[in-house]
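Undergrad: File name model.txt; file contents compact mmCIF, N, CA and C atoms; full text below.
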```txt
# COMPACT_ATOMS: atom_id res chain seq x y z
N MET I 43 67.10 -15.67 8.40
CA MET I 43 65.85 -15.05 8.08
C MET I 43 64.77 -16.13 8.03
N ARG I 44 63.67 -15.80 8.71
CA ARG I 44 62.60 -16.77 8.82
C ARG I 44 61.46 -16.37 7.88
N ASN I 45 61.00 -17.27 7.06
CA ASN I 45 59.93 -16.99 6.10
C ASN I 45 58.78 -17.94 6.37
N ASP I 46 57.89 -17.53 7.30
CA ASP I 46 56.73 -18.36 7.61
C ASP I 46 55.60 -18.00 6.65
N ALA I 47 54.99 -18.98 6.06
CA ALA I 47 53.85 -18.75 5.17
C ALA I 47 52.59 -18.66 6.02
N GLY I 48 51.69 -17.76 5.65
CA GLY I 48 50.44 -17.63 6.38
C GLY I 48 50.10 -16.17 6.66
N PHE I 49 48.99 -15.97 7.36
CA PHE I 49 48.52 -14.64 7.69
C PHE I 49 48.97 -14.26 9.09
N THR I 50 49.17 -12.98 9.26
CA THR I 50 49.41 -12.50 10.62
C THR I 50 48.07 -12.16 11.25
N LEU I 51 48.07 -11.93 12.52
CA LEU I 51 46.83 -11.61 13.22
C LEU I 51 46.22 -10.30 12.72
N ILE I 52 47.03 -9.33 12.40
CA ILE I 52 46.52 -8.04 11.90
C ILE I 52 45.87 -8.22 10.53
N GLU I 53 46.47 -9.00 9.66
CA GLU I 53 45.86 -9.25 8.34
C GLU I 53 44.52 -9.96 8.49
N PHE I 54 44.46 -10.91 9.40
CA PHE I 54 43.22 -11.63 9.64
C PHE I 54 42.13 -10.70 10.16
N MET I 55 42.48 -9.82 11.09
CA MET I 55 41.51 -8.88 11.65
C MET I 55 41.01 -7.90 10.58
N MET I 56 41.90 -7.42 9.72
CA MET I 56 41.49 -6.50 8.66
C MET I 56 40.56 -7.20 7.67
N ALA I 57 40.87 -8.42 7.31
CA ALA I 57 40.00 -9.17 6.39
C ALA I 57 38.63 -9.41 7.02
N THR I 58 38.60 -9.69 8.31
CA THR I 58 37.33 -9.91 9.02
C THR I 58 36.51 -8.63 9.06
N ILE I 59 37.14 -7.50 9.30
CA ILE I 59 36.43 -6.21 9.33
C ILE I 59 35.85 -5.89 7.96
N ILE I 60 36.62 -6.10 6.91
CA ILE I 60 36.13 -5.83 5.55
C ILE I 60 34.96 -6.74 5.22
N LEU I 61 35.06 -8.01 5.60
CA LEU I 61 33.97 -8.95 5.37
C LEU I 61 32.72 -8.54 6.15
N MET I 62 32.87 -8.10 7.39
CA MET I 62 31.73 -7.68 8.20
C MET I 62 31.05 -6.46 7.61
N VAL I 63 31.82 -5.50 7.12
CA VAL I 63 31.23 -4.30 6.52
C VAL I 63 30.42 -4.69 5.28
N GLY I 64 30.94 -5.57 4.48
CA GLY I 64 30.21 -6.03 3.29
C GLY I 64 28.93 -6.77 3.65
N LEU I 65 29.01 -7.64 4.64
CA LEU I 65 27.82 -8.39 5.06
C LEU I 65 26.76 -7.47 5.67
N LEU I 66 27.18 -6.49 6.45
CA LEU I 66 26.22 -5.53 7.02
C LEU I 66 25.54 -4.70 5.92
N GLY I 67 26.29 -4.36 4.91
CA GLY I 67 25.71 -3.63 3.77
C GLY I 67 24.67 -4.48 3.05
N MET I 68 24.97 -5.75 2.85
CA MET I 68 24.01 -6.65 2.22
C MET I 68 22.77 -6.83 3.09
N LEU I 69 22.96 -6.95 4.38
CA LEU I 69 21.84 -7.12 5.30
C LEU I 69 20.94 -5.89 5.30
N SER I 70 21.52 -4.70 5.29
CA SER I 70 20.69 -3.49 5.25
C SER I 70 19.92 -3.42 3.93
N GLY I 71 20.52 -3.86 2.84
CA GLY I 71 19.82 -3.90 1.55
C GLY I 71 18.64 -4.86 1.59
N ILE I 72 18.81 -6.00 2.23
CA ILE I 72 17.72 -6.98 2.35
C ILE I 72 16.59 -6.40 3.20
N ILE I 73 16.93 -5.71 4.29
CA ILE I 73 15.91 -5.12 5.15
C ILE I 73 15.12 -4.05 4.41
N ILE I 74 15.79 -3.21 3.64
CA ILE I 74 15.11 -2.17 2.86
C ILE I 74 14.20 -2.80 1.81
N ALA I 75 14.67 -3.86 1.16
CA ALA I 75 13.84 -4.54 0.15
C ALA I 75 12.60 -5.15 0.79
N ALA I 76 12.73 -5.73 1.97
CA ALA I 76 11.58 -6.32 2.67
C ALA I 76 10.57 -5.25 3.06
N GLN I 77 11.06 -4.08 3.50
CA GLN I 77 10.16 -2.99 3.86
C GLN I 77 9.39 -2.48 2.64
N ARG I 78 10.08 -2.32 1.52
CA ARG I 78 9.42 -1.86 0.29
C ARG I 78 8.39 -2.89 -0.19
N ASN I 79 8.73 -4.16 -0.04
CA ASN I 79 7.81 -5.21 -0.43
C ASN I 79 6.55 -5.16 0.44
N GLN I 80 6.71 -4.94 1.73
CA GLN I 80 5.57 -4.85 2.64
C GLN I 80 4.70 -3.65 2.26
N GLU I 81 5.30 -2.51 1.96
CA GLU I 81 4.55 -1.33 1.55
C GLU I 81 3.75 -1.61 0.28
N THR I 82 4.35 -2.34 -0.66
CA THR I 82 3.67 -2.67 -1.90
C THR I 82 2.47 -3.58 -1.65
N VAL I 83 2.65 -4.56 -0.78
CA VAL I 83 1.54 -5.47 -0.44
C VAL I 83 0.40 -4.69 0.22
N LEU I 84 0.73 -3.79 1.13
CA LEU I 84 -0.30 -2.98 1.80
C LEU I 84 -1.02 -2.07 0.80
N ARG I 85 -0.27 -1.49 -0.14
CA ARG I 85 -0.88 -0.64 -1.16
C ARG I 85 -1.80 -1.46 -2.08
N ASN I 86 -1.36 -2.67 -2.44
CA ASN I 86 -2.21 -3.53 -3.28
C ASN I 86 -3.51 -3.90 -2.56
N GLU I 87 -3.42 -4.13 -1.26
CA GLU I 87 -4.63 -4.43 -0.49
C GLU I 87 -5.55 -3.22 -0.45
N ALA I 88 -4.98 -2.02 -0.32
CA ALA I 88 -5.79 -0.79 -0.33
C ALA I 88 -6.45 -0.60 -1.70
N MET I 89 -5.74 -0.92 -2.76
CA MET I 89 -6.31 -0.81 -4.10
C MET I 89 -7.47 -1.79 -4.27
N ALA I 90 -7.32 -3.00 -3.74
CA ALA I 90 -8.40 -3.99 -3.82
C ALA I 90 -9.61 -3.53 -3.02
N LEU I 91 -9.38 -2.95 -1.84
CA LEU I 91 -10.48 -2.44 -1.02
C LEU I 91 -11.20 -1.29 -1.74
N ALA I 92 -10.45 -0.38 -2.33
CA ALA I 92 -11.05 0.74 -3.06
C ALA I 92 -11.87 0.22 -4.24
N ASP I 93 -11.36 -0.78 -4.93
CA ASP I 93 -12.09 -1.36 -6.05
C ASP I 93 -13.37 -2.03 -5.57
N ASP I 94 -13.31 -2.75 -4.44
CA ASP I 94 -14.51 -3.38 -3.88
C ASP I 94 -15.56 -2.32 -3.54
N GLN I 95 -15.12 -1.23 -2.88
CA GLN I 95 -16.05 -0.16 -2.52
C GLN I 95 -16.68 0.47 -3.76
N MET I 96 -15.88 0.66 -4.81
CA MET I 96 -16.38 1.26 -6.04
C MET I 96 -17.41 0.33 -6.70
N MET I 97 -17.13 -0.95 -6.73
CA MET I 97 -18.07 -1.90 -7.35
C MET I 97 -19.39 -1.94 -6.58
N VAL I 98 -19.34 -1.82 -5.26
CA VAL I 98 -20.57 -1.78 -4.47
C VAL I 98 -21.38 -0.55 -4.84
N GLN I 99 -20.73 0.60 -4.96
CA GLN I 99 -21.44 1.84 -5.31
C GLN I 99 -22.02 1.77 -6.72
N ARG I 100 -21.23 1.24 -7.65
CA ARG I 100 -21.69 1.19 -9.04
C ARG I 100 -22.81 0.18 -9.25
N ALA I 101 -22.93 -0.80 -8.36
CA ALA I 101 -23.98 -1.81 -8.48
C ALA I 101 -25.33 -1.29 -7.99
N LYS I 102 -25.32 -0.19 -7.25
CA LYS I 102 -26.56 0.37 -6.71
C LYS I 102 -27.35 1.09 -7.80
N PRO I 103 -28.67 1.21 -7.61
CA PRO I 103 -29.44 2.07 -8.51
C PRO I 103 -28.95 3.52 -8.37
N TYR I 104 -29.12 4.29 -9.41
CA TYR I 104 -28.59 5.66 -9.44
C TYR I 104 -29.07 6.49 -8.24
N ALA I 105 -30.33 6.37 -7.88
CA ALA I 105 -30.88 7.18 -6.78
C ALA I 105 -30.32 6.77 -5.42
N SER I 106 -29.76 5.58 -5.32
CA SER I 106 -29.24 5.09 -4.03
C SER I 106 -27.76 5.38 -3.81
N ILE I 107 -27.09 5.96 -4.77
CA ILE I 107 -25.66 6.25 -4.64
C ILE I 107 -25.50 7.49 -3.76
N VAL I 108 -24.90 7.29 -2.58
CA VAL I 108 -24.70 8.39 -1.64
C VAL I 108 -23.29 8.30 -1.05
N SER I 109 -22.84 9.41 -0.47
CA SER I 109 -21.54 9.44 0.19
C SER I 109 -21.58 8.57 1.44
N VAL I 110 -20.46 7.89 1.70
CA VAL I 110 -20.37 7.00 2.85
C VAL I 110 -19.03 7.23 3.53
N LEU I 111 -19.06 7.32 4.85
CA LEU I 111 -17.83 7.41 5.63
C LEU I 111 -17.71 6.14 6.45
N LYS I 112 -16.71 5.36 6.17
CA LYS I 112 -16.46 4.15 6.95
C LYS I 112 -15.27 4.42 7.83
N ALA I 113 -15.43 4.24 9.11
CA ALA I 113 -14.37 4.56 10.05
C ALA I 113 -13.17 3.63 9.88
N SER I 114 -13.43 2.33 9.80
CA SER I 114 -12.32 1.41 9.74
C SER I 114 -12.76 0.11 9.09
N THR I 115 -11.90 -0.43 8.26
CA THR I 115 -12.14 -1.72 7.63
C THR I 115 -10.93 -2.61 7.91
N PRO I 116 -11.09 -3.62 8.75
CA PRO I 116 -9.94 -4.50 9.02
C PRO I 116 -9.72 -5.46 7.86
N ARG I 117 -8.48 -5.64 7.48
CA ARG I 117 -8.11 -6.59 6.43
C ARG I 117 -6.91 -7.38 6.93
N THR I 118 -6.86 -8.65 6.57
CA THR I 118 -5.73 -9.49 6.95
C THR I 118 -4.74 -9.51 5.78
N VAL I 119 -3.53 -9.03 6.05
CA VAL I 119 -2.48 -8.97 5.04
C VAL I 119 -1.31 -9.80 5.54
N ARG I 120 -1.03 -10.87 4.85
CA ARG I 120 0.06 -11.79 5.22
C ARG I 120 -0.05 -12.24 6.68
N GLY I 121 -1.28 -12.55 7.09
CA GLY I 121 -1.49 -13.06 8.43
C GLY I 121 -1.55 -12.00 9.52
N VAL I 122 -1.45 -10.73 9.15
CA VAL I 122 -1.47 -9.64 10.13
C VAL I 122 -2.71 -8.78 9.87
N GLN I 123 -3.42 -8.44 10.93
CA GLN I 123 -4.60 -7.58 10.82
C GLN I 123 -4.16 -6.14 10.61
N LYS I 124 -4.65 -5.52 9.54
CA LYS I 124 -4.32 -4.13 9.21
C LYS I 124 -5.61 -3.35 9.09
N SER I 125 -5.62 -2.12 9.58
CA SER I 125 -6.81 -1.29 9.56
C SER I 125 -6.72 -0.27 8.42
N TYR I 126 -7.75 -0.26 7.58
CA TYR I 126 -7.86 0.70 6.49
C TYR I 126 -9.11 1.54 6.72
N SER I 127 -9.06 2.80 6.38
CA SER I 127 -10.23 3.68 6.44
C SER I 127 -10.61 4.05 5.01
N SER I 128 -11.90 4.04 4.75
CA SER I 128 -12.34 4.40 3.40
C SER I 128 -13.43 5.45 3.47
N VAL I 129 -13.40 6.35 2.51
CA VAL I 129 -14.39 7.42 2.39
C VAL I 129 -14.90 7.41 0.96
N VAL I 130 -16.21 7.36 0.82
CA VAL I 130 -16.84 7.42 -0.49
C VAL I 130 -17.56 8.76 -0.59
N THR I 131 -17.16 9.58 -1.55
CA THR I 131 -17.83 10.87 -1.76
C THR I 131 -18.48 10.86 -3.14
N VAL I 132 -19.67 11.39 -3.18
CA VAL I 132 -20.43 11.44 -4.42
C VAL I 132 -20.77 12.89 -4.72
N THR I 133 -20.42 13.33 -5.91
CA THR I 133 -20.78 14.68 -6.36
C THR I 133 -21.60 14.54 -7.64
N ALA I 134 -22.46 15.49 -7.87
CA ALA I 134 -23.31 15.46 -9.06
C ALA I 134 -22.99 16.66 -9.94
N PRO I 135 -22.08 16.49 -10.91
CA PRO I 135 -21.75 17.62 -11.78
C PRO I 135 -22.93 18.05 -12.67
N THR I 136 -23.78 17.09 -13.03
CA THR I 136 -25.00 17.40 -13.79
C THR I 136 -26.16 16.66 -13.13
N THR I 137 -27.36 16.88 -13.63
CA THR I 137 -28.53 16.25 -13.02
C THR I 137 -28.58 14.75 -13.29
N ASN I 138 -27.95 14.28 -14.35
CA ASN I 138 -28.03 12.87 -14.70
C ASN I 138 -26.71 12.12 -14.55
N THR I 139 -25.72 12.73 -13.95
CA THR I 139 -24.45 12.04 -13.73
C THR I 139 -23.99 12.27 -12.29
N ALA I 140 -23.22 11.32 -11.82
CA ALA I 140 -22.62 11.42 -10.49
C ALA I 140 -21.18 10.96 -10.58
N GLN I 141 -20.33 11.64 -9.87
CA GLN I 141 -18.93 11.22 -9.80
C GLN I 141 -18.70 10.60 -8.43
N ILE I 142 -18.19 9.38 -8.44
CA ILE I 142 -17.92 8.65 -7.20
C ILE I 142 -16.42 8.65 -6.97
N ASN I 143 -15.99 9.10 -5.80
CA ASN I 143 -14.59 9.06 -5.41
C ASN I 143 -14.46 8.16 -4.18
N VAL I 144 -13.56 7.20 -4.25
CA VAL I 144 -13.29 6.32 -3.12
C VAL I 144 -11.85 6.56 -2.70
N THR I 145 -11.66 6.97 -1.44
CA THR I 145 -10.33 7.21 -0.90
C THR I 145 -10.10 6.24 0.25
N VAL I 146 -9.02 5.49 0.16
CA VAL I 146 -8.65 4.53 1.20
C VAL I 146 -7.35 5.02 1.83
N THR I 147 -7.30 5.09 3.15
CA THR I 147 -6.09 5.51 3.86
C THR I 147 -5.66 4.41 4.83
N TRP I 148 -4.36 4.34 5.05
CA TRP I 148 -3.77 3.39 5.98
C TRP I 148 -2.45 3.97 6.45
N GLN I 149 -1.81 3.33 7.38
CA GLN I 149 -0.53 3.81 7.90
C GLN I 149 0.54 2.74 7.78
N VAL I 150 1.74 3.19 7.43
CA VAL I 150 2.92 2.33 7.38
C VAL I 150 3.96 2.96 8.30
N LYS I 151 4.22 2.32 9.42
CA LYS I 151 5.17 2.82 10.42
C LYS I 151 4.85 4.25 10.83
N GLY I 152 3.57 4.53 11.05
CA GLY I 152 3.16 5.85 11.52
C GLY I 152 3.02 6.90 10.42
N VAL I 153 3.35 6.55 9.18
CA VAL I 153 3.25 7.50 8.07
C VAL I 153 1.95 7.22 7.32
N PRO I 154 1.06 8.21 7.22
CA PRO I 154 -0.20 7.98 6.51
C PRO I 154 0.00 7.86 5.00
N LYS I 155 -0.70 6.89 4.43
CA LYS I 155 -0.68 6.67 2.97
C LYS I 155 -2.12 6.68 2.51
N SER I 156 -2.35 6.97 1.23
CA SER I 156 -3.72 6.95 0.71
C SER I 156 -3.73 6.56 -0.76
N HIS I 157 -4.89 6.08 -1.19
CA HIS I 157 -5.11 5.71 -2.58
C HIS I 157 -6.53 6.15 -2.93
N MET I 158 -6.71 6.80 -4.09
CA MET I 158 -8.03 7.28 -4.49
C MET I 158 -8.34 6.81 -5.90
N ILE I 159 -9.58 6.36 -6.09
CA ILE I 159 -10.06 6.06 -7.42
C ILE I 159 -11.37 6.82 -7.62
N SER I 160 -11.71 7.09 -8.87
CA SER I 160 -12.97 7.79 -9.15
C SER I 160 -13.61 7.21 -10.40
N SER I 161 -14.91 7.39 -10.48
CA SER I 161 -15.67 6.88 -11.61
C SER I 161 -16.91 7.76 -11.78
N ALA I 162 -17.38 7.84 -13.00
CA ALA I 162 -18.60 8.59 -13.28
C ALA I 162 -19.72 7.60 -13.58
N VAL I 163 -20.91 7.90 -13.07
CA VAL I 163 -22.08 7.06 -13.27
C VAL I 163 -23.17 7.94 -13.87
N SER I 164 -23.84 7.43 -14.88
CA SER I 164 -24.92 8.18 -15.51
C SER I 164 -26.27 7.57 -15.19
N ASN I 165 -27.25 8.43 -15.07
CA ASN I 165 -28.63 7.98 -14.88
C ASN I 165 -29.26 7.92 -16.25
N LEU I 166 -29.56 6.72 -16.68
CA LEU I 166 -30.16 6.56 -18.00
C LEU I 166 -31.64 6.88 -17.91
N VAL I 167 -32.01 7.97 -18.54
CA VAL I 167 -33.39 8.42 -18.53
C VAL I 167 -34.05 7.91 -19.81
N GLN I 168 -35.13 7.16 -19.64
CA GLN I 168 -35.82 6.61 -20.81
C GLN I 168 -36.71 7.68 -21.40
N GLN I 169 -36.56 7.88 -22.68
CA GLN I 169 -37.41 8.85 -23.38
C GLN I 169 -38.35 8.09 -24.30
N ASN I 170 -39.56 8.60 -24.41
CA ASN I 170 -40.57 7.94 -25.27
C ASN I 170 -40.48 8.43 -26.67
```
Rewrite the structure of this file - the entire thing - as structure tokens.
TA:
Amino acid sequence: MRNDAGFTLIEFMMATIILMVGLLGMLSGIIIAAQRNQETVLRNEAMALADDQMMVQRAKPYASIVSVLKASTPRTVRGVQKSYSSVVTVTAPTTNTAQINVTVTWQVKGVPKSHMISSAVSNLVQQN
């Protein structure tokens, strides 16, 4: 009876297959994490753009606050040019207040995403 120590070819192949399945699972997890990270970075850039648009509107005199449609705003995100669209809508619930809504839209792999912020602005009327 011969007792050779070591692995047979079938044992080696099974161990290799199990290792490959594990590594492919880890690789897919890394790819999903990178995609989610990219989506988060793009959303943060959209939030910054919406905040910039809101600050521009709030800095204007009350009579100059009007709705604005911007077709496209290019932004560089991690060295890549990305196109964002922003819409500023102004409604006047009362005669001395205005509500400003800023909506920024962009696309991630063909899927549209959006972020909206709103703020109220009052017209301070001086009384004697």
Undergrad: Hey, can you pull every residue with an atom no more than 7 Å from (-25.8, 8.7, -7.9), using all atoms listed in the file, and send it as a list in words?
TA: Pro103, Tyr104, Ala105, Ser106, Ile107, Val108, Val132, Thr139, Ala140, Gln141 and Val163 of chain I
Undergrad: Hey, which of I:Val146, I:Val119, I:Ala47, I:Ile72 ends up closest to Leu91 in chain I? Count all atoms listed in the file.
TA: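 Closest residue, counting all atoms listed in the file: I:Val146.
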Undergrad: Could you pull out the residues in chain I that DSSP calls strand (DSSP E) from the backbone, as a PyMOL selection string?
TA: chain I and resi 110-119+122-136+139-150+153-164
Undergrad: Find the distance between atom C of Ile60 in chain I and CA of Gly48 in chain I and write it in Å to one decimal.
TA: 19.0 Å
Undergrad: Ranking I:Gln123, I:Val130, I:Gln95, I:Asn165 by minimum distance to Leu111 in chain I and counting all atoms listed in the file, which one comes first?
TA: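 For Leu111 in chain I, the nearest of the candidates is I:Val130.
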Undergrad: Work out how far atom C of Gln80 in chain I is from CA of Lys155 in chain I, in Å to one decimal.
TA: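 Interatomic distance here is 11.7 Å.
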Undergrad: Separation of atom C of Ser161 in chain I and atom N of Asn143 in chain I, in Å?
TA: 6.2 Å
Undergrad: In the coordinate frame of the file, compute which residues have an atom within 12 Å of (-3.2, -1.3, -4.9) when using only C-alpha atoms, and state them as JSON, numbers by chain.
TA: {"I": [81, 82, 83, 84, 85, 86, 87, 88, 89, 90, 91, 92, 93, 94, 145, 146, 147, 148, 155, 156, 157, 158, 159]}
